[in-house]
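Visitor: This structure is in structure tokens; I'll ask about it shortly.
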Amino acid sequence: MFQDAAERRGDEGCLRYKQAGLWQTVSWTQALKWVKSFSESLKKLGVTSGDRVSIIANTRYEWTLLDVAILSLGGVTVPIYHSSVAEEVEHILRDSGTKVIFVENSTQLEKVLKAKRGLPQALKIVMIDGKVMGEDILTFDEFKALAEGSATDFDSRIRQIGLDQLATLVYTSGTTGPPKGVMLHHSNIVYEVEAAERSMPIDPNDTSLIFLPLAHILARVIQFYQLKVGFTHAYAESIDKLLEDIGQVKPHFMVSVPRIFEKIYTKVMNDVENGPSIKRSIFQWALATGKARSQLLLQNKPIPGGLKMKYAIATKLVFSKLHAKLGGRLRFFVSGGAPLSKEIAEFFHAAGILILEGYGLTETTAAININLPTAMAFGSVGKIMPFVEEKIAEDGEILVRGKMVTQGYWNNPEATKAAIDSEGWFHTGDIGEFDAQGMLRITDRKKDIIVTAGGKNVAPQNIENLLKTIPLLSQVVVHGDRRKYLTALVTLNPDEAKAKAAEQGISVSNIAQLSKEPKIFEMVKKLIEEKNHDLPKYESIKRFAILDKDFTIEGGELTPTLKIKRKVINERYKDLFDSLYSE
């Protein structure tokens, strides 16, 4: 797919990236040349068909070129989140049997060297940025130099790679235990890209801005989509500079996670709230006008002339500023990775910006449902895409099977059997329903995995079990589904709490009163912060509350086997959780 697009697009822009504050462009011809060169270098490092090669780096153009180079050898790309801690890195490297790893810089190298000590296999390391002396550690220049003088068999070699070959292992969090490697074959990717192209064709002359981590399957799929269709991908400098980059690149479309839309929405609303009353009045009028137009569009009804005129004025006075910040030529966003707030989707649509929400999992090679400009409904994840079928099980769980669905988990037949039944249906763990128009609506989560607003999958039990190693704490419930960060409710261990209180000269011995003592709160805070150092940033607990009593079986918060009833606790303490997210 990539080679065909490169030969078709030639000197047109393939990849854009920022260097010393200036945007640089890599043509399709140059990108293909580099991939061929990287492929030869990998071959010199001993990479052959079926070998696993890892990448731990932020999203950057080298990531994409290395990914394709690995695949060109019949190799298997193993992405690792740049935010992963050393223990996670070690597990992935060991479980996958990684032979070579590309690390972005010295920060990532430190994790890998720590992880390497526990590995049974030899591991070669290539640093993309920087230089560190050490055995089996190459600089990127040294890696590239390996290809010099090589006669390439790239063209014939890639033609021999079959659809049934493994392409990538994408590690995803389970409800308990270490991450599992989702096996995705070339066929999964090819059919996903074909389904995306049929559902939502993109003009080869378009430009998109990519910023999601390429360790996330959604970003990888968009990367592969680009490599087939031939549009231009610009790589954002960082999340912090995303709006600045959008303004400079002026993308035609973008794939994002809900957290970005939440940030834009919050900033707009704060600006309005802090502005003069006349500005607030104009904004509210413009928003009401936009929503009236939005409702008619969603119902495929004509827009009356008077409303068209009012909306043109609303756009000129209010919405044009937002359009300008988003580059001025944006046709639509695609939102995935976590549920998007209906209120935020409606706000953007009223402002003339289309956000198309989709649904999928790592195990389904990203999207299996998507809203389309011609068929959409807020609060839904849209209709099913080609090459897959869906059904709702008796307990409401969404089941899916088809061309994009994984064959299972690497080295884990038990987990595979638990997820995919004898008829080939993959059990998503999500509860849903189809509306009268055939749109899928996600109503609940059968499994406990938290998906943050930033699209990160978090297994709360792993964090809870870590925090419960603090003697002062009895129970911990982590919360954060669809939220911008994680919070927790904790209960005190009575004996330890009383002992600590005595050490601090606190005469109170009643747990209800101790839970309100500032010194106890500060103690718990310090202990949780210490545990946060053992967690990736997105899994750290940002805020917490101490309850005045423990969970009990009698109270309905624990099962007979003393497991927490998460749904009961989330509903019972909803207001308290909400308060932990108030600014």
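The chains in the structure tokens are called A, B, ... from first to last as shown; in each chain the residues are counted from 1, and the ligands are counted from 1 in the order shown.
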Can you list, as an mmCIF file with all heavy atoms, in the first residue's frame, every protein, DNA or RNA residue that comes within 8 Å of region 214-227 of chain A when you count only C-alpha atoms, leaving out same-chain residues fewer than 4 positions away?
Guide:
data_model
loop_
_atom_site.group_PDB
_atom_site.id
_atom_site.type_symbol
_atom_site.label_atom_id
_atom_site.label_comp_id
_atom_site.auth_asym_id
_atom_site.auth_seq_id
_atom_site.Cartn_x
_atom_site.Cartn_y
_atom_site.Cartn_z
ATOM 1 N N MET A 1 0.833 -1.200 0.000
ATOM 2 C CA MET A 1 0.000 0.000 0.000
ATOM 3 C C MET A 1 0.868 1.251 0.000
ATOM 4 O O MET A 1 0.639 2.189 -0.761
ATOM 5 C CB MET A 1 -0.914 0.019 1.235
ATOM 6 C CG MET A 1 -2.177 -0.827 1.088
ATOM 7 S SD MET A 1 -3.118 -1.143 2.605
ATOM 8 C CE MET A 1 -2.702 0.201 3.674
ATOM 9 N N PHE A 2 1.879 1.257 0.867
ATOM 10 C CA PHE A 2 2.756 2.424 0.993
ATOM 11 C C PHE A 2 3.540 2.657 -0.293
ATOM 12 O O PHE A 2 3.621 3.789 -0.792
ATOM 13 C CB PHE A 2 3.702 2.236 2.182
ATOM 14 C CG PHE A 2 4.835 3.232 2.216
ATOM 15 C CD1 PHE A 2 4.579 4.597 2.332
ATOM 16 C CD2 PHE A 2 6.154 2.819 2.136
ATOM 17 C CE1 PHE A 2 5.612 5.526 2.360
ATOM 18 C CE2 PHE A 2 7.192 3.741 2.170
ATOM 19 C CZ PHE A 2 6.923 5.091 2.277
ATOM 20 N N ALA A 5 1.374 4.082 -3.088
ATOM 21 C CA ALA A 5 1.055 5.503 -2.861
ATOM 22 C C ALA A 5 2.268 6.385 -3.129
ATOM 23 O O ALA A 5 2.152 7.459 -3.734
ATOM 24 C CB ALA A 5 0.563 5.704 -1.430
ATOM 25 N N ASN A 58 7.729 9.419 21.388
ATOM 26 C CA ASN A 58 6.581 10.264 21.076
ATOM 27 C C ASN A 58 6.273 10.145 19.587
ATOM 28 O O ASN A 58 7.085 9.641 18.793
ATOM 29 C CB ASN A 58 6.898 11.717 21.419
ATOM 30 C CG ASN A 58 6.741 12.017 22.888
ATOM 31 O OD1 ASN A 58 5.637 12.044 23.406
ATOM 32 N ND2 ASN A 58 7.856 12.231 23.585
ATOM 33 N N THR A 59 5.116 10.651 19.193
ATOM 34 C CA THR A 59 4.724 10.635 17.786
ATOM 35 C C THR A 59 5.631 11.582 16.993
ATOM 36 O O THR A 59 5.691 12.773 17.277
ATOM 37 C CB THR A 59 3.249 11.040 17.652
ATOM 38 O OG1 THR A 59 2.458 10.044 18.298
ATOM 39 C CG2 THR A 59 2.815 11.162 16.207
ATOM 40 N N TRP A 63 9.019 7.616 13.587
ATOM 41 C CA TRP A 63 8.213 6.493 14.091
ATOM 42 C C TRP A 63 7.518 5.804 12.907
ATOM 43 O O TRP A 63 7.564 4.576 12.759
ATOM 44 C CB TRP A 63 7.177 7.036 15.068
ATOM 45 C CG TRP A 63 6.704 6.144 16.179
ATOM 46 C CD1 TRP A 63 6.862 6.364 17.514
ATOM 47 C CD2 TRP A 63 5.968 4.909 16.085
ATOM 48 N NE1 TRP A 63 6.277 5.339 18.259
ATOM 49 C CE2 TRP A 63 5.732 4.432 17.404
ATOM 50 C CE3 TRP A 63 5.498 4.140 15.030
ATOM 51 C CZ2 TRP A 63 5.041 3.251 17.685
ATOM 52 C CZ3 TRP A 63 4.815 2.954 15.300
ATOM 53 C CH2 TRP A 63 4.599 2.531 16.615
ATOM 54 N N THR A 64 6.879 6.605 12.079
ATOM 55 C CA THR A 64 6.140 6.067 10.932
ATOM 56 C C THR A 64 7.069 5.345 9.961
ATOM 57 O O THR A 64 6.786 4.233 9.505
ATOM 58 C CB THR A 64 5.395 7.206 10.210
ATOM 59 O OG1 THR A 64 4.392 7.723 11.083
ATOM 60 C CG2 THR A 64 4.751 6.736 8.920
ATOM 61 N N PRO A 79 4.744 -1.401 19.614
ATOM 62 C CA PRO A 79 4.796 -0.049 20.172
ATOM 63 C C PRO A 79 4.734 -0.068 21.699
ATOM 64 O O PRO A 79 4.055 -0.913 22.283
ATOM 65 C CB PRO A 79 3.557 0.628 19.585
ATOM 66 C CG PRO A 79 2.625 -0.485 19.258
ATOM 67 C CD PRO A 79 3.445 -1.699 18.992
ATOM 68 N N ILE A 80 5.453 0.853 22.326
ATOM 69 C CA ILE A 80 5.402 1.020 23.782
ATOM 70 C C ILE A 80 5.146 2.499 24.066
ATOM 71 O O ILE A 80 5.834 3.370 23.526
ATOM 72 C CB ILE A 80 6.714 0.574 24.460
ATOM 73 C CG1 ILE A 80 7.069 -0.876 24.083
ATOM 74 C CG2 ILE A 80 6.616 0.709 25.980
ATOM 75 C CD1 ILE A 80 8.401 -1.369 24.644
ATOM 76 N N TYR A 81 4.147 2.773 24.910
ATOM 77 C CA TYR A 81 3.857 4.169 25.260
ATOM 78 C C TYR A 81 5.096 4.820 25.871
ATOM 79 O O TYR A 81 5.749 4.226 26.737
ATOM 80 C CB TYR A 81 2.708 4.250 26.265
ATOM 81 C CG TYR A 81 1.340 4.131 25.650
ATOM 82 C CD1 TYR A 81 0.604 2.955 25.766
ATOM 83 C CD2 TYR A 81 0.776 5.192 24.946
ATOM 84 C CE1 TYR A 81 -0.664 2.843 25.202
ATOM 85 C CE2 TYR A 81 -0.480 5.091 24.377
ATOM 86 C CZ TYR A 81 -1.198 3.915 24.508
ATOM 87 O OH TYR A 81 -2.438 3.819 23.938
ATOM 88 N N VAL A 170 0.083 -5.062 19.899
ATOM 89 C CA VAL A 170 -0.265 -3.840 20.617
ATOM 90 C C VAL A 170 -0.719 -4.235 22.017
ATOM 91 O O VAL A 170 -1.742 -4.908 22.170
ATOM 92 C CB VAL A 170 -1.372 -3.052 19.887
ATOM 93 C CG1 VAL A 170 -1.641 -1.733 20.604
ATOM 94 C CG2 VAL A 170 -0.968 -2.785 18.433
ATOM 95 N N ILE A 189 -5.203 -4.780 9.340
ATOM 96 C CA ILE A 189 -4.904 -3.381 9.000
ATOM 97 C C ILE A 189 -5.445 -3.019 7.623
ATOM 98 O O ILE A 189 -6.066 -1.964 7.435
ATOM 99 C CB ILE A 189 -3.385 -3.130 9.080
ATOM 100 C CG1 ILE A 189 -2.902 -3.291 10.536
ATOM 101 C CG2 ILE A 189 -3.023 -1.748 8.557
ATOM 102 C CD1 ILE A 189 -1.409 -3.392 10.696
ATOM 103 N N GLU A 192 -9.195 -2.679 7.784
ATOM 104 C CA GLU A 192 -9.567 -1.482 8.544
ATOM 105 C C GLU A 192 -9.404 -0.230 7.685
ATOM 106 O O GLU A 192 -10.274 0.651 7.662
ATOM 107 C CB GLU A 192 -8.713 -1.373 9.812
ATOM 108 C CG GLU A 192 -8.924 -0.092 10.608
ATOM 109 C CD GLU A 192 -10.284 0.004 11.290
ATOM 110 O OE1 GLU A 192 -10.854 -1.038 11.654
ATOM 111 O OE2 GLU A 192 -10.774 1.138 11.455
ATOM 112 N N VAL A 193 -8.300 -0.150 6.979
ATOM 113 C CA VAL A 193 -8.045 1.006 6.108
ATOM 114 C C VAL A 193 -9.065 1.057 4.976
ATOM 115 O O VAL A 193 -9.591 2.125 4.638
ATOM 116 C CB VAL A 193 -6.595 0.961 5.564
ATOM 117 C CG1 VAL A 193 -6.405 1.978 4.443
ATOM 118 C CG2 VAL A 193 -5.594 1.222 6.682
ATOM 119 N N ALA A 196 -12.318 2.254 6.373
ATOM 120 C CA ALA A 196 -12.265 3.703 6.629
ATOM 121 C C ALA A 196 -12.406 4.478 5.319
ATOM 122 O O ALA A 196 -13.111 5.493 5.254
ATOM 123 C CB ALA A 196 -10.954 4.067 7.316
ATOM 124 N N GLU A 197 -11.748 3.980 4.270
ATOM 125 C CA GLU A 197 -11.794 4.669 2.979
ATOM 126 C C GLU A 197 -13.194 4.626 2.375
ATOM 127 O O GLU A 197 -13.664 5.605 1.789
ATOM 128 C CB GLU A 197 -10.778 4.043 2.022
ATOM 129 C CG GLU A 197 -10.477 4.909 0.816
ATOM 130 C CD GLU A 197 -9.339 4.366 -0.023
ATOM 131 O OE1 GLU A 197 -8.878 3.229 0.223
ATOM 132 O OE2 GLU A 197 -8.925 5.066 -0.962
ATOM 133 N N ILE A 210 -1.328 15.026 12.999
ATOM 134 C CA ILE A 210 -1.353 13.862 13.873
ATOM 135 C C ILE A 210 -0.593 14.171 15.162
ATOM 136 O O ILE A 210 0.507 14.721 15.136
ATOM 137 C CB ILE A 210 -0.770 12.611 13.163
ATOM 138 C CG1 ILE A 210 -0.875 11.374 14.048
ATOM 139 C CG2 ILE A 210 0.665 12.838 12.682
ATOM 140 C CD1 ILE A 210 -0.590 10.072 13.314
ATOM 141 N N PHE A 231 -2.539 11.321 1.333
ATOM 142 C CA PHE A 231 -2.614 12.708 1.815
ATOM 143 C C PHE A 231 -1.381 13.028 2.672
ATOM 144 O O PHE A 231 -0.528 12.157 2.896
ATOM 145 C CB PHE A 231 -3.929 12.982 2.551
ATOM 146 C CG PHE A 231 -4.221 12.114 3.749
ATOM 147 C CD1 PHE A 231 -3.729 12.452 5.007
ATOM 148 C CD2 PHE A 231 -5.020 10.980 3.630
ATOM 149 C CE1 PHE A 231 -4.018 11.671 6.111
ATOM 150 C CE2 PHE A 231 -5.315 10.196 4.735
ATOM 151 C CZ PHE A 231 -4.804 10.534 5.983
ATOM 152 N N THR A 232 -1.264 14.252 3.131
ATOM 153 C CA THR A 232 -0.086 14.685 3.887
ATOM 154 C C THR A 232 -0.346 14.629 5.376
ATOM 155 O O THR A 232 -1.390 15.080 5.845
ATOM 156 C CB THR A 232 0.295 16.139 3.499
ATOM 157 O OG1 THR A 232 0.486 16.203 2.082
ATOM 158 C CG2 THR A 232 1.581 16.578 4.207
ATOM 159 N N HIS A 233 0.603 14.072 6.117
ATOM 160 C CA HIS A 233 0.520 14.045 7.569
ATOM 161 C C HIS A 233 1.524 15.024 8.151
ATOM 162 O O HIS A 233 2.728 14.923 7.878
ATOM 163 C CB HIS A 233 0.834 12.648 8.102
ATOM 164 C CG HIS A 233 -0.323 11.996 8.766
ATOM 165 N ND1 HIS A 233 -0.420 10.635 8.963
ATOM 166 C CD2 HIS A 233 -1.467 12.509 9.292
ATOM 167 C CE1 HIS A 233 -1.563 10.347 9.570
ATOM 168 N NE2 HIS A 233 -2.202 11.465 9.771
ATOM 169 N N VAL A 255 -7.860 13.620 13.630
ATOM 170 C CA VAL A 255 -8.361 12.599 14.546
ATOM 171 C C VAL A 255 -7.884 12.960 15.942
ATOM 172 O O VAL A 255 -6.711 13.285 16.136
ATOM 173 C CB VAL A 255 -7.864 11.197 14.145
ATOM 174 C CG1 VAL A 255 -8.340 10.157 15.144
ATOM 175 C CG2 VAL A 255 -8.352 10.862 12.750
ATOM 176 N N GLY A 336 -12.270 9.558 18.918
ATOM 177 C CA GLY A 336 -12.275 8.159 19.334
ATOM 178 C C GLY A 336 -11.445 7.971 20.587
ATOM 179 O O GLY A 336 -10.899 8.928 21.138
ATOM 180 N N GLY A 337 -11.325 6.726 21.021
ATOM 181 C CA GLY A 337 -10.487 6.417 22.183
ATOM 182 C C GLY A 337 -11.214 6.484 23.508
ATOM 183 O O GLY A 337 -10.816 5.854 24.470
ATOM 184 N N THR A 362 -8.603 -1.888 20.651
ATOM 185 C CA THR A 362 -7.355 -2.389 20.089
ATOM 186 C C THR A 362 -7.616 -3.719 19.392
ATOM 187 O O THR A 362 -7.111 -3.980 18.295
ATOM 188 C CB THR A 362 -6.304 -2.581 21.207
ATOM 189 O OG1 THR A 362 -6.153 -1.363 21.926
ATOM 190 C CG2 THR A 362 -4.968 -3.000 20.632
ATOM 191 N N THR A 365 -8.790 -3.524 15.785
ATOM 192 C CA THR A 365 -7.957 -2.665 14.928
ATOM 193 C C THR A 365 -8.570 -1.267 14.823
ATOM 194 O O THR A 365 -8.709 -0.693 13.743
ATOM 195 C CB THR A 365 -7.765 -3.282 13.516
ATOM 196 O OG1 THR A 365 -7.645 -4.703 13.634
ATOM 197 C CG2 THR A 365 -6.507 -2.745 12.872
ATOM 198 N N ALA A 366 -8.970 -0.747 15.974
ATOM 199 C CA ALA A 366 -9.616 0.580 16.083
ATOM 200 C C ALA A 366 -11.068 0.496 15.620
ATOM 201 O O ALA A 366 -11.799 -0.401 16.022
ATOM 202 C CB ALA A 366 -8.822 1.662 15.379
ATOM 203 N N ALA A 367 -11.499 1.411 14.733
ATOM 204 C CA ALA A 367 -12.930 1.662 14.510
ATOM 205 C C ALA A 367 -13.697 0.493 13.912
ATOM 206 O O ALA A 367 -13.249 -0.138 12.950
ATOM 207 C CB ALA A 367 -13.095 2.881 13.621
#
Visitor: Which residues come within 10 Å of Phe261 (chain A), counting only C-alpha atoms, excluding same-chain residues fewer than 5 positions away, as a ChimeraX atom specification?
Guide: /A:256,266-267,333,335,340-341,344-345,348,355,453
Visitor: Using only N, CA and C atoms, please write the residues we just selected to a file, as a compact mmCIF listing (two decimals), in the first residue's frame.
Guide:
# COMPACT_ATOMS: atom_id res chain seq x y z
N SER A 256 -8.80 12.92 16.90
CA SER A 256 -8.46 13.37 18.24
C SER A 256 -9.16 12.50 19.28
N THR A 266 -13.69 24.28 27.24
CA THR A 266 -13.50 24.95 28.54
C THR A 266 -12.91 26.34 28.35
N LYS A 267 -11.92 26.45 27.44
CA LYS A 267 -11.28 27.75 27.21
C LYS A 267 -12.28 28.76 26.63
N PHE A 333 -13.58 16.76 12.44
CA PHE A 333 -12.75 16.01 13.38
C PHE A 333 -13.32 14.60 13.46
N SER A 335 -13.46 11.72 16.45
CA SER A 335 -13.19 11.53 17.88
C SER A 335 -13.27 10.05 18.22
N LEU A 340 -17.29 10.68 23.91
CA LEU A 340 -17.35 12.14 23.80
C LEU A 340 -18.65 12.64 24.43
N SER A 341 -18.53 13.70 25.22
CA SER A 341 -19.71 14.29 25.84
C SER A 341 -20.67 14.80 24.76
N ILE A 344 -20.67 18.60 24.44
CA ILE A 344 -19.54 19.18 23.71
C ILE A 344 -19.71 18.97 22.20
N ALA A 345 -20.18 17.79 21.80
CA ALA A 345 -20.42 17.53 20.38
C ALA A 345 -21.46 18.52 19.83
N PHE A 348 -19.91 22.14 19.41
CA PHE A 348 -19.07 22.31 18.22
C PHE A 348 -19.91 22.31 16.94
N ILE A 355 -17.81 17.08 14.53
CA ILE A 355 -17.03 16.05 15.20
C ILE A 355 -17.75 14.72 14.98
N ALA A 453 -10.48 10.63 29.54
CA ALA A 453 -10.85 11.56 28.47
C ALA A 453 -9.73 11.69 27.44
Visitor: To test your reading of the structure, identify every residue in region 118-192 of chain A that backbone DSSP assigns to alpha helix (DSSP H), and report it as a list in words.
Guide: Phe140, Asp141, Glu142, Phe143, Lys144, Ala145, Phe154, Asp155, Ser156, Arg157, Ile158, Arg159, His186, Ser187, Asn188, Ile189, Val190, Tyr191 and Glu192 of chain A
Visitor: With only C-alpha atoms as the atoms that count, which of A:Val182, A:Glu104, A:Gln121, A:Gly480 lies nearest to Lys574 (chain A)?
Guide: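 Of the candidates, the smallest distance to Lys574 (chain A) is held by A:Gly480.
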Visitor: Excluding region 525-538 of chain A and its own-chain neighbours fewer than 6 positions away, which residues fall within 6 Å of it when counting only C-alpha atoms? Please give them as a list in words.
Guide: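 That gives Ser83, Ser84 and Val85 of chain A.
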Visitor: Can you pull out every residue within 12 Å of Ile506 (chain A), counting only C-alpha atoms, but drop anything in the same chain fewer than 4 positions away, and send it as number ranges by chain?
Guide: A: 497-502, 510, 513-514, 516-520
Visitor: Give me a file of those residues, with N, CA, C and O atoms, as an mmCIF file, in the first residue's frame.
Guide:
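Contents of part.cif, as written:
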data_model
loop_
_atom_site.group_PDB
_atom_site.id
_atom_site.type_symbol
_atom_site.label_atom_id
_atom_site.label_comp_id
_atom_site.auth_asym_id
_atom_site.auth_seq_id
_atom_site.Cartn_x
_atom_site.Cartn_y
_atom_site.Cartn_z
ATOM 1 N N ALA A 497 -4.609 4.165 61.678
ATOM 2 C CA ALA A 497 -4.999 5.576 61.748
ATOM 3 C C ALA A 497 -4.922 6.093 63.184
ATOM 4 O O ALA A 497 -4.433 7.202 63.435
ATOM 5 N N LYS A 498 -5.392 5.273 64.118
ATOM 6 C CA LYS A 498 -5.335 5.682 65.541
ATOM 7 C C LYS A 498 -3.896 5.806 66.019
ATOM 8 O O LYS A 498 -3.550 6.739 66.759
ATOM 9 N N ALA A 499 -3.036 4.892 65.577
ATOM 10 C CA ALA A 499 -1.625 4.944 65.976
ATOM 11 C C ALA A 499 -0.950 6.189 65.417
ATOM 12 O O ALA A 499 -0.193 6.875 66.134
ATOM 13 N N LYS A 500 -1.215 6.493 64.152
ATOM 14 C CA LYS A 500 -0.626 7.688 63.538
ATOM 15 C C LYS A 500 -1.143 8.957 64.204
ATOM 16 O O LYS A 500 -0.408 9.928 64.398
ATOM 17 N N ALA A 501 -2.420 8.930 64.546
ATOM 18 C CA ALA A 501 -3.009 10.091 65.218
ATOM 19 C C ALA A 501 -2.326 10.332 66.557
ATOM 20 O O ALA A 501 -1.998 11.475 66.912
ATOM 21 N N ALA A 502 -2.090 9.256 67.302
ATOM 22 C CA ALA A 502 -1.424 9.382 68.605
ATOM 23 C C ALA A 502 -0.026 9.960 68.439
ATOM 24 O O ALA A 502 0.406 10.802 69.233
ATOM 25 N N ASN A 510 -11.985 8.268 67.101
ATOM 26 C CA ASN A 510 -13.138 7.885 66.279
ATOM 27 C C ASN A 510 -12.779 8.051 64.790
ATOM 28 O O ASN A 510 -12.326 9.117 64.370
ATOM 29 N N GLN A 513 -14.226 10.972 62.853
ATOM 30 C CA GLN A 513 -13.571 12.250 63.152
ATOM 31 C C GLN A 513 -12.159 12.296 62.579
ATOM 32 O O GLN A 513 -11.718 13.327 62.058
ATOM 33 N N LEU A 514 -11.445 11.152 62.667
ATOM 34 C CA LEU A 514 -10.075 11.103 62.133
ATOM 35 C C LEU A 514 -10.043 11.375 60.623
ATOM 36 O O LEU A 514 -9.091 11.961 60.110
ATOM 37 N N LYS A 516 -11.535 13.447 59.065
ATOM 38 C CA LYS A 516 -11.631 14.884 58.792
ATOM 39 C C LYS A 516 -10.430 15.664 59.329
ATOM 40 O O LYS A 516 -10.363 16.885 59.188
ATOM 41 N N GLU A 517 -9.493 14.976 59.961
ATOM 42 C CA GLU A 517 -8.314 15.643 60.533
ATOM 43 C C GLU A 517 -7.341 16.069 59.426
ATOM 44 O O GLU A 517 -6.889 15.228 58.637
ATOM 45 N N PRO A 518 -6.996 17.360 59.352
ATOM 46 C CA PRO A 518 -6.069 17.845 58.308
ATOM 47 C C PRO A 518 -4.716 17.111 58.317
ATOM 48 O O PRO A 518 -4.160 16.832 57.246
ATOM 49 N N LYS A 519 -4.199 16.778 59.505
ATOM 50 C CA LYS A 519 -2.893 16.105 59.571
ATOM 51 C C LYS A 519 -2.964 14.706 58.964
ATOM 52 O O LYS A 519 -2.025 14.250 58.317
ATOM 53 N N ILE A 520 -4.079 14.021 59.172
ATOM 54 C CA ILE A 520 -4.267 12.695 58.579
ATOM 55 C C ILE A 520 -4.378 12.818 57.058
ATOM 56 O O ILE A 520 -3.795 12.035 56.308
#
Visitor: Do a neighbour search on Glu135 (chain A) at 12 Å with only C-alpha atoms, toss out local chain neighbours closer than 3 positions, and write the hits as a list in words.
Guide: Leu113, Ala122, Leu123, Lys124, Ile125, Val126, Val132, Leu138 and Thr139 of chain A
Visitor: Let's have the selection written as a PDB file, in the first residue's frame, with N, CA and C atoms.
Guide:
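The new file result25.pdb reads:
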ATOM      1  N   LEU A 113      17.266   0.313  29.709  1.00  0.00           N
ATOM      2  CA  LEU A 113      18.453  -0.315  30.311  1.00  0.00           C
ATOM      3  C   LEU A 113      18.096  -0.998  31.629  1.00  0.00           C
ATOM      4  N   ALA A 122      18.898 -11.326  24.191  1.00  0.00           N
ATOM      5  CA  ALA A 122      19.775 -10.197  23.852  1.00  0.00           C
ATOM      6  C   ALA A 122      18.911  -9.089  23.254  1.00  0.00           C
ATOM      7  N   LEU A 123      19.299  -7.847  23.488  1.00  0.00           N
ATOM      8  CA  LEU A 123      18.511  -6.703  22.997  1.00  0.00           C
ATOM      9  C   LEU A 123      19.438  -5.640  22.430  1.00  0.00           C
ATOM     10  N   LYS A 124      19.219  -5.283  21.170  1.00  0.00           N
ATOM     11  CA  LYS A 124      19.975  -4.204  20.546  1.00  0.00           C
ATOM     12  C   LYS A 124      19.149  -2.922  20.648  1.00  0.00           C
ATOM     13  N   ILE A 125      19.826  -1.816  20.945  1.00  0.00           N
ATOM     14  CA  ILE A 125      19.138  -0.536  21.185  1.00  0.00           C
ATOM     15  C   ILE A 125      19.618   0.504  20.184  1.00  0.00           C
ATOM     16  N   VAL A 126      18.681   1.233  19.599  1.00  0.00           N
ATOM     17  CA  VAL A 126      19.008   2.356  18.711  1.00  0.00           C
ATOM     18  C   VAL A 126      18.384   3.610  19.289  1.00  0.00           C
ATOM     19  N   VAL A 132      24.737   7.819  23.591  1.00  0.00           N
ATOM     20  CA  VAL A 132      25.207   7.256  24.857  1.00  0.00           C
ATOM     21  C   VAL A 132      26.147   6.113  24.531  1.00  0.00           C
ATOM     22  N   LEU A 138      23.252   1.914  19.526  1.00  0.00           N
ATOM     23  CA  LEU A 138      23.632   2.663  18.327  1.00  0.00           C
ATOM     24  C   LEU A 138      22.970   4.027  18.314  1.00  0.00           C
ATOM     25  N   THR A 139      23.668   5.029  17.788  1.00  0.00           N
ATOM     26  CA  THR A 139      23.003   6.304  17.501  1.00  0.00           C
ATOM     27  C   THR A 139      22.181   6.109  16.227  1.00  0.00           C
TER      28      THR A 139
END
Visitor: Using only C-alpha atoms, can you tell me which of A:Lys131, A:His349, A:Lys468, A:Lys18 comes closest to Asp245 (chain A)?
Guide: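 Selected residue with least distance to Asp245 (chain A): A:Lys18.
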Visitor: Tell me which protein, DNA and RNA residues are within 12 Å of region 269-280 of chain A, counting only C-alpha atoms, leaving out same-chain ones fewer than 5 positions away, and put them as a PyMOL selection string.
Guide: chain A and resi 262-264+285-287+317-318+322+344+347+583
Visitor: Please produce an output containing N, CA and C atoms for each residue in the selection, written as a compact mmCIF listing (two decimals), in the first residue's frame.
Guide:
# COMPACT_ATOMS: atom_id res chain seq x y z
N GLU A 262 -12.58 18.94 24.99
CA GLU A 262 -12.95 19.46 26.32
C GLU A 262 -12.11 20.69 26.66
N LYS A 263 -10.82 20.63 26.33
CA LYS A 263 -9.93 21.77 26.62
C LYS A 263 -10.35 23.01 25.83
N ILE A 264 -10.64 22.80 24.54
CA ILE A 264 -11.06 23.93 23.69
C ILE A 264 -12.39 24.50 24.21
N TRP A 285 -26.72 34.23 22.20
CA TRP A 285 -27.60 34.34 21.03
C TRP A 285 -27.03 33.53 19.87
N ALA A 286 -25.73 33.66 19.62
CA ALA A 286 -25.08 32.93 18.52
C ALA A 286 -25.19 31.42 18.73
N LEU A 287 -25.01 30.98 19.98
CA LEU A 287 -25.07 29.55 20.28
C LEU A 287 -26.50 29.01 20.07
N LEU A 317 -19.65 37.16 13.90
CA LEU A 317 -19.41 37.79 15.21
C LEU A 317 -18.70 36.86 16.20
N VAL A 318 -19.02 35.57 16.16
CA VAL A 318 -18.56 34.66 17.22
C VAL A 318 -17.76 33.47 16.68
N LEU A 322 -13.27 30.94 16.40
CA LEU A 322 -12.93 29.56 16.70
C LEU A 322 -12.44 28.86 15.43
N ILE A 344 -20.67 18.60 24.44
CA ILE A 344 -19.54 19.18 23.71
C ILE A 344 -19.71 18.97 22.20
N PHE A 347 -22.17 21.50 21.03
CA PHE A 347 -21.59 22.84 21.01
C PHE A 347 -20.80 23.08 19.73
N GLU A 583 -13.04 22.75 39.61
CA GLU A 583 -11.77 23.50 39.57
C GLU A 583 -11.51 24.17 40.92
Visitor: Taking the DSSP secondary structure from the backbone, can you list the residues of region 165-281 of chain A that are strand (DSSP E or B), as a list in words?
Guide: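 Everything in region 165-281 of chain A that counts as strand (DSSP E or B) is Leu166, Ala167, Thr168, Leu169, Val170, Tyr171, Thr172, Lys180, Gly181, Val182, Met183, Leu184, His185, Thr207, Ser208, Leu209, Ile210, Thr232, His233, Ala234, Tyr235, Phe253, Met254, Val255 and Ser256 of chain A.
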Visitor: Taking 6 positions as the minimum chain separation for residues in the same chain, which residues sit within 7 Å of Met254 (chain A) when counting only C-alpha atoms? Answer as a list in words.
Guide: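 Final neighbour list, sorted by chain and number: Ser208, Leu209, Phe332, Phe333 and Val334 of chain A.
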